[in-house]
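Enquirer: Structure: structure14.tsv, TSV, C-alpha atoms.
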```tsv
chain	number	residue	atom	x	y	z
A	109	MET	CA	141.55	96.86	112.85
A	110	ARG	CA	142.06	98.14	116.37
A	111	GLN	CA	143.80	101.51	116.64
A	112	PRO	CA	146.87	101.69	118.93
A	113	LEU	CA	145.64	104.93	120.50
A	114	ASP	CA	142.41	106.68	121.24
A	115	ALA	CA	142.43	110.46	121.72
A	116	GLY	CA	139.67	112.86	122.60
A	117	PRO	CA	138.82	115.97	124.58
A	118	VAL	CA	137.95	115.45	128.24
A	119	ASN	CA	135.24	118.14	128.12
A	120	GLY	CA	133.13	119.79	125.43
A	121	PRO	CA	134.40	122.77	123.45
A	122	PHE	CA	133.28	125.23	126.14
A	123	GLY	CA	134.70	123.25	129.06
A	124	ASP	CA	138.14	123.34	130.64
A	125	PRO	CA	140.93	122.13	128.39
A	126	GLY	CA	142.06	118.54	128.54
A	127	LEU	CA	142.97	115.91	125.99
A	128	TYR	CA	143.11	112.27	127.10
A	129	VAL	CA	145.22	109.97	124.92
A	130	ASP	CA	144.93	106.26	125.66
A	131	LEU	CA	147.97	104.32	124.41
A	132	ARG	CA	146.13	101.02	124.33
A	133	ASP	CA	148.98	98.66	123.52
A	134	GLU	CA	151.16	100.21	126.22
A	135	ARG	CA	148.44	100.06	128.88
A	136	ARG	CA	149.00	103.70	129.79
A	137	ALA	CA	147.62	107.11	128.90
A	138	LEU	CA	148.69	110.74	128.52
A	139	LEU	CA	146.80	113.87	129.55
A	140	PHE	CA	147.41	117.19	127.82
A	141	ASP	CA	146.27	120.00	130.10
A	142	LEU	CA	144.75	119.34	133.47
A	143	GLY	CA	141.52	121.33	133.50
A	144	ASP	CA	138.36	119.98	135.08
A	145	ILE	CA	138.85	116.20	134.93
A	146	ALA	CA	135.60	115.17	136.67
A	147	ALA	CA	134.51	113.45	133.45
A	148	LEU	CA	137.43	111.00	133.70
A	149	PRO	CA	136.71	107.95	135.85
A	150	PRO	CA	139.41	106.81	138.30
A	151	ARG	CA	140.34	103.83	136.09
A	152	LYS	CA	141.41	106.29	133.36
A	153	LEU	CA	143.33	108.51	135.77
A	154	LEU	CA	145.20	105.46	137.08
A	155	ARG	CA	146.46	104.75	133.54
A	156	LEU	CA	148.21	108.13	133.26
A	157	SER	CA	151.97	108.01	132.89
A	158	HIS	CA	152.50	111.64	131.84
A	159	VAL	CA	150.55	114.88	132.25
A	160	PHE	CA	151.48	117.89	130.10
A	161	VAL	CA	150.43	121.40	131.18
A	162	SER	CA	150.70	124.01	128.44
A	163	HIS	CA	150.70	127.07	130.70
A	164	THR	CA	149.82	128.19	134.20
A	165	ARG	CA	146.33	129.59	133.76
A	166	MET	CA	144.03	128.07	136.37
A	167	ASP	CA	141.76	126.34	133.84
A	168	HIS	CA	144.78	124.39	132.57
A	169	PHE	CA	145.74	122.82	135.90
A	170	ILE	CA	142.75	123.04	138.24
A	171	GLY	CA	142.33	119.26	138.08
A	172	PHE	CA	145.68	118.60	139.76
A	173	ASP	CA	144.18	118.00	143.20
A	174	SER	CA	141.54	115.64	141.75
A	175	LEU	CA	144.30	113.66	140.06
A	176	LEU	CA	146.31	113.42	143.27
A	177	ARG	CA	143.29	112.19	145.23
A	178	VAL	CA	142.99	109.22	142.89
A	179	VAL	CA	146.61	108.27	142.22
A	180	LEU	CA	148.40	109.19	145.45
A	181	GLY	CA	149.44	106.02	147.24
A	182	ARG	CA	148.08	103.69	144.55
A	183	LYS	CA	150.80	103.84	141.94
A	184	PRO	CA	153.79	105.95	140.99
A	185	LEU	CA	152.70	109.51	140.31
A	186	PRO	CA	152.49	110.47	136.63
A	187	THR	CA	155.34	112.57	135.29
A	188	LEU	CA	154.18	116.20	135.16
A	189	ILE	CA	155.65	118.24	132.30
A	190	GLY	CA	155.11	121.93	131.65
A	191	GLY	CA	156.61	124.64	129.52
A	192	PRO	CA	157.53	124.98	125.87
A	193	TRP	CA	157.20	121.30	124.95
A	194	LEU	CA	154.38	121.77	122.44
A	195	ALA	CA	156.53	122.60	119.41
A	196	ALA	CA	158.68	119.52	119.91
A	197	LEU	CA	155.61	117.28	120.16
A	198	LEU	CA	154.08	118.60	116.96
A	199	GLY	CA	156.98	117.31	114.86
A	200	GLY	CA	155.45	113.87	114.26
A	201	ALA	CA	151.78	114.70	114.78
A	202	ASP	CA	149.01	114.44	112.23
A	203	ARG	CA	146.15	115.83	114.36
A	204	LEU	CA	146.13	118.82	116.69
A	205	TYR	CA	143.62	119.40	119.49
A	206	ILE	CA	144.08	123.08	120.26
A	207	GLU	CA	142.58	125.87	122.30
A	208	SER	CA	140.65	128.32	120.12
A	209	ALA	CA	139.11	130.62	122.69
A	210	PHE	CA	138.32	133.76	120.68
A	211	VAL	CA	137.43	134.88	117.15
A	212	HIS	CA	139.87	137.19	115.40
A	213	ALA	CA	137.74	140.27	116.10
A	214	ASP	CA	138.28	139.65	119.84
A	215	ARG	CA	142.07	139.24	119.56
A	216	GLY	CA	142.65	142.02	122.11
A	217	GLN	CA	140.76	139.99	124.71
A	218	ALA	CA	142.73	136.88	123.72
A	219	GLU	CA	146.01	138.74	124.20
A	220	ARG	CA	144.97	140.03	127.63
A	221	LYS	CA	144.04	136.50	128.73
A	222	HIS	CA	147.04	134.87	127.02
A	223	ASP	CA	144.72	132.72	124.89
A	224	LEU	CA	144.74	131.91	121.20
A	225	THR	CA	142.35	133.18	118.59
A	226	ALA	CA	140.76	130.66	116.25
A	227	PRO	CA	142.88	131.83	113.28
A	228	GLN	CA	146.06	131.51	115.38
A	229	ALA	CA	145.06	127.95	116.28
A	230	GLY	CA	144.49	127.13	112.62
A	231	CYS	CA	147.83	128.65	111.65
A	232	ILE	CA	149.68	126.65	114.32
A	233	ALA	CA	148.14	123.44	112.95
A	234	GLY	CA	150.02	124.15	109.71
A	235	ALA	CA	150.52	121.04	107.58
A	236	LEU	CA	148.89	118.60	109.99
A	237	ARG	CA	146.14	116.45	108.50
A	238	ALA	CA	143.46	117.27	111.10
A	239	LEU	CA	142.59	120.17	113.38
A	240	VAL	CA	140.23	119.85	116.36
A	241	PRO	CA	139.54	123.29	117.91
A	242	MET	CA	138.41	123.26	121.55
A	243	HIS	CA	138.21	125.30	124.80
A	244	PHE	CA	135.96	128.04	123.39
A	245	SER	CA	135.14	131.15	125.40
A	246	PRO	CA	131.57	131.04	126.81
A	247	ARG	CA	130.85	134.28	124.98
A	248	TYR	CA	130.34	132.16	121.83
A	249	LEU	CA	127.75	129.74	123.25
A	250	LYS	CA	125.21	130.94	120.70
A	251	ARG	CA	127.67	130.80	117.80
A	252	PRO	CA	130.29	128.08	118.29
A	253	GLY	CA	130.50	127.61	114.52
A	254	ALA	CA	132.23	131.00	114.22
A	255	LEU	CA	135.28	129.74	116.10
A	256	ALA	CA	135.50	126.46	114.23
A	257	ALA	CA	135.02	128.21	110.87
A	258	GLN	CA	137.84	130.70	111.52
A	259	ALA	CA	140.20	127.99	112.77
A	260	GLN	CA	139.46	125.78	109.77
A	261	ALA	CA	139.87	128.67	107.29
A	262	ALA	CA	143.25	129.63	108.74
A	263	TRP	CA	144.31	125.98	108.82
A	264	ARG	CA	143.38	125.48	105.16
A	265	ALA	CA	145.19	128.69	104.18
A	266	SER	CA	148.34	127.71	106.07
A	267	MET	CA	148.21	124.19	104.56
A	268	ALA	CA	148.06	125.68	101.08
A	269	GLU	CA	151.16	127.76	101.77
A	270	ALA	CA	153.00	125.19	103.91
A	271	LYS	CA	155.77	122.87	102.86
A	272	PRO	CA	155.09	119.11	102.78
A	273	HIS	CA	154.29	117.37	106.08
A	274	GLY	CA	157.34	116.84	108.26
A	275	THR	CA	159.16	119.98	107.16
A	276	ASP	CA	159.46	123.31	108.90
A	277	THR	CA	156.06	124.97	108.47
A	278	ALA	CA	157.00	128.09	110.42
A	279	ALA	CA	158.60	129.75	107.41
A	280	ALA	CA	155.56	129.03	105.22
A	281	ALA	CA	152.81	130.08	107.63
A	282	PRO	CA	150.86	133.28	106.99
A	283	THR	CA	152.15	136.11	109.13
A	284	SER	CA	150.08	139.16	108.27
A	285	GLY	CA	146.50	140.35	108.00
A	286	ALA	CA	144.13	138.10	109.92
A	287	TRP	CA	147.07	136.22	111.43
A	288	THR	CA	148.66	139.13	113.24
A	289	ARG	CA	150.78	137.76	116.10
A	290	ALA	CA	150.22	134.19	114.91
A	291	MET	CA	152.37	131.81	116.85
A	292	CYS	CA	153.69	129.66	114.05
```
What would you get if you wrote out this structure as structure tokens?
Expert:
Amino acid sequence: MRQPLDAGPVNGPFGDPGLYVDLRDERRALLFDLGDIAALPPRKLLRLSHVFVSHTRMDHFIGFDSLLRVVLGRKPLPTLIGGPWLAALLGGADRLYIESAFVHADRGQAERKHDLTAPQAGCIAGALRALVPMHFSPRYLKRPGALAAQAQAAWRASMAEAKPHGTDTAAAAPTSGAWTRAMC
């Protein structure tokens, strides 16, 4: 059976952030974060109806000019949305593609760069059925499994403590120890 949507990262885990979601039956697509989009062919960019930018770090919107070069004058421009929209979108989600730039031991660096640690990403995923960590710091090129392992461990721990899917997971999420300053 054909799936109504197809979602996947634009780049590998060490590349700029970007998640392309093709809403097949609607003949349109969404883009979450606008990092380097060179991997997206023009036909995919022309399907975009909405682009969501999580925050104003350069690697989250550097692809804006590339997008404009393709869509300007060819179709209505996609709606660009930024700001605290993420929490509202997670309400009905079952899979989260999320930045996991640093391991917990490097949380000071993550705070200085306004990035998430892998455990924070796992905690935010809460009761969702799937977690896909991405946008790893290049410092982990030789050990990418460390980031994924920490994100998955935090995700499993928060799932065990969380309420059933569809309820407020913020109250049930771990808030101490390895999850200091967790954002859920």
Enquirer: To one decimal in Å, tell me the separation between CA of Ser266 (chain A) and CA of His212 (chain A).
Expert: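 Distance reported for this atom pair: 15.8 Å.
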Enquirer: Tell me which of A:Leu249, A:Leu153, A:Ala233, A:Leu142 sits closest to Ala209 (chain A), counting all atoms listed in the file.
Expert: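 Nearest candidate to Ala209 (chain A) out of A:Leu249, A:Leu153, A:Ala233, A:Leu142: A:Leu249.
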Enquirer: Pick from A:Gly253, A:Pro186, A:Pro121, A:Gly171: nearest to Glu207 (chain A), with all atoms listed in the file counted?
Expert: A:Pro121
Enquirer: Quick one: what's the axis-aligned box for region 160-172 of chain A, all listed atoms, 4 Å on every side, centre and edges in Å to one decimal, as AutoDock Vina command-line options?
Expert:
```
--center_x 146.6 --center_y 123.7 --center_z 134.1 --size_x 17.7 --size_y 19.7 --size_z 19.3
```
Enquirer: Find the residues around Pro149 (chain A) up to 12 Å (all atoms listed in the file counted), leave out those fewer than 5 positions away in its own chain, and share them as a PyMOL selection string.
Expert: chain A and resi 118+128+154-156+174-175+178-179
Enquirer: Taking (149.0, 129.8, 136.2) in the file's coordinates, which residues come within 12 Å, counting all atoms listed in the file, written as an MDAnalysis selection string?
Expert: chainID A and resid 141:143 161:170 190:191 221:222
Enquirer: Any chance you can output those residues with C-alpha atoms as a PDB file, in the frame of the given file?
Expert:
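File out-v1.pdb, as written:
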```
ATOM      1  CA  ASP A 141     146.270 120.000 130.100  1.00  0.00           C
ATOM      2  CA  LEU A 142     144.750 119.340 133.470  1.00  0.00           C
ATOM      3  CA  GLY A 143     141.520 121.330 133.500  1.00  0.00           C
ATOM      4  CA  VAL A 161     150.430 121.400 131.180  1.00  0.00           C
ATOM      5  CA  SER A 162     150.700 124.010 128.440  1.00  0.00           C
ATOM      6  CA  HIS A 163     150.700 127.070 130.700  1.00  0.00           C
ATOM      7  CA  THR A 164     149.820 128.190 134.200  1.00  0.00           C
ATOM      8  CA  ARG A 165     146.330 129.590 133.760  1.00  0.00           C
ATOM      9  CA  MET A 166     144.030 128.070 136.370  1.00  0.00           C
ATOM     10  CA  ASP A 167     141.760 126.340 133.840  1.00  0.00           C
ATOM     11  CA  HIS A 168     144.780 124.390 132.570  1.00  0.00           C
ATOM     12  CA  PHE A 169     145.740 122.820 135.900  1.00  0.00           C
ATOM     13  CA  ILE A 170     142.750 123.040 138.240  1.00  0.00           C
ATOM     14  CA  GLY A 190     155.110 121.930 131.650  1.00  0.00           C
ATOM     15  CA  GLY A 191     156.610 124.640 129.520  1.00  0.00           C
ATOM     16  CA  LYS A 221     144.040 136.500 128.730  1.00  0.00           C
ATOM     17  CA  HIS A 222     147.040 134.870 127.020  1.00  0.00           C
TER      18      HIS A 222
END
```
Enquirer: Could you tell me how far CA of Ala265 (chain A) sits from CA of Tyr205 (chain A), in Å to one decimal place?
Expert: 18.0 Å
Enquirer: CA of Phe244 (chain A) to CA of Gly116 (chain A): how many Å, to one decimal?
Expert: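 Between these atoms lies a distance of 15.6 Å.
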Enquirer: Skip Cys231 (chain A) itself and residues of its chain fewer than 2 positions away, then list as a PyMOL selection string all residues within 6 Å of it, counting all atoms listed in the file.
Expert: chain A and resi 228-229+233-234+262-263+266
Enquirer: Choose the residue, out of A:Ser245, A:Ile206, A:Asn119, A:Gln260, that has the smallest atom-to-atom separation from Ala218 (chain A); count all atoms listed in the file.
Expert: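 Closest candidate: A:Ser245.
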Enquirer: Could you tell me which of A:Leu180, A:Asp130, A:Ala257, A:Asp124 comes closest to Met242 (chain A) if we count only C-alpha atoms?
Expert: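 Nearest candidate to Met242 (chain A) out of A:Leu180, A:Asp130, A:Ala257, A:Asp124: A:Asp124.
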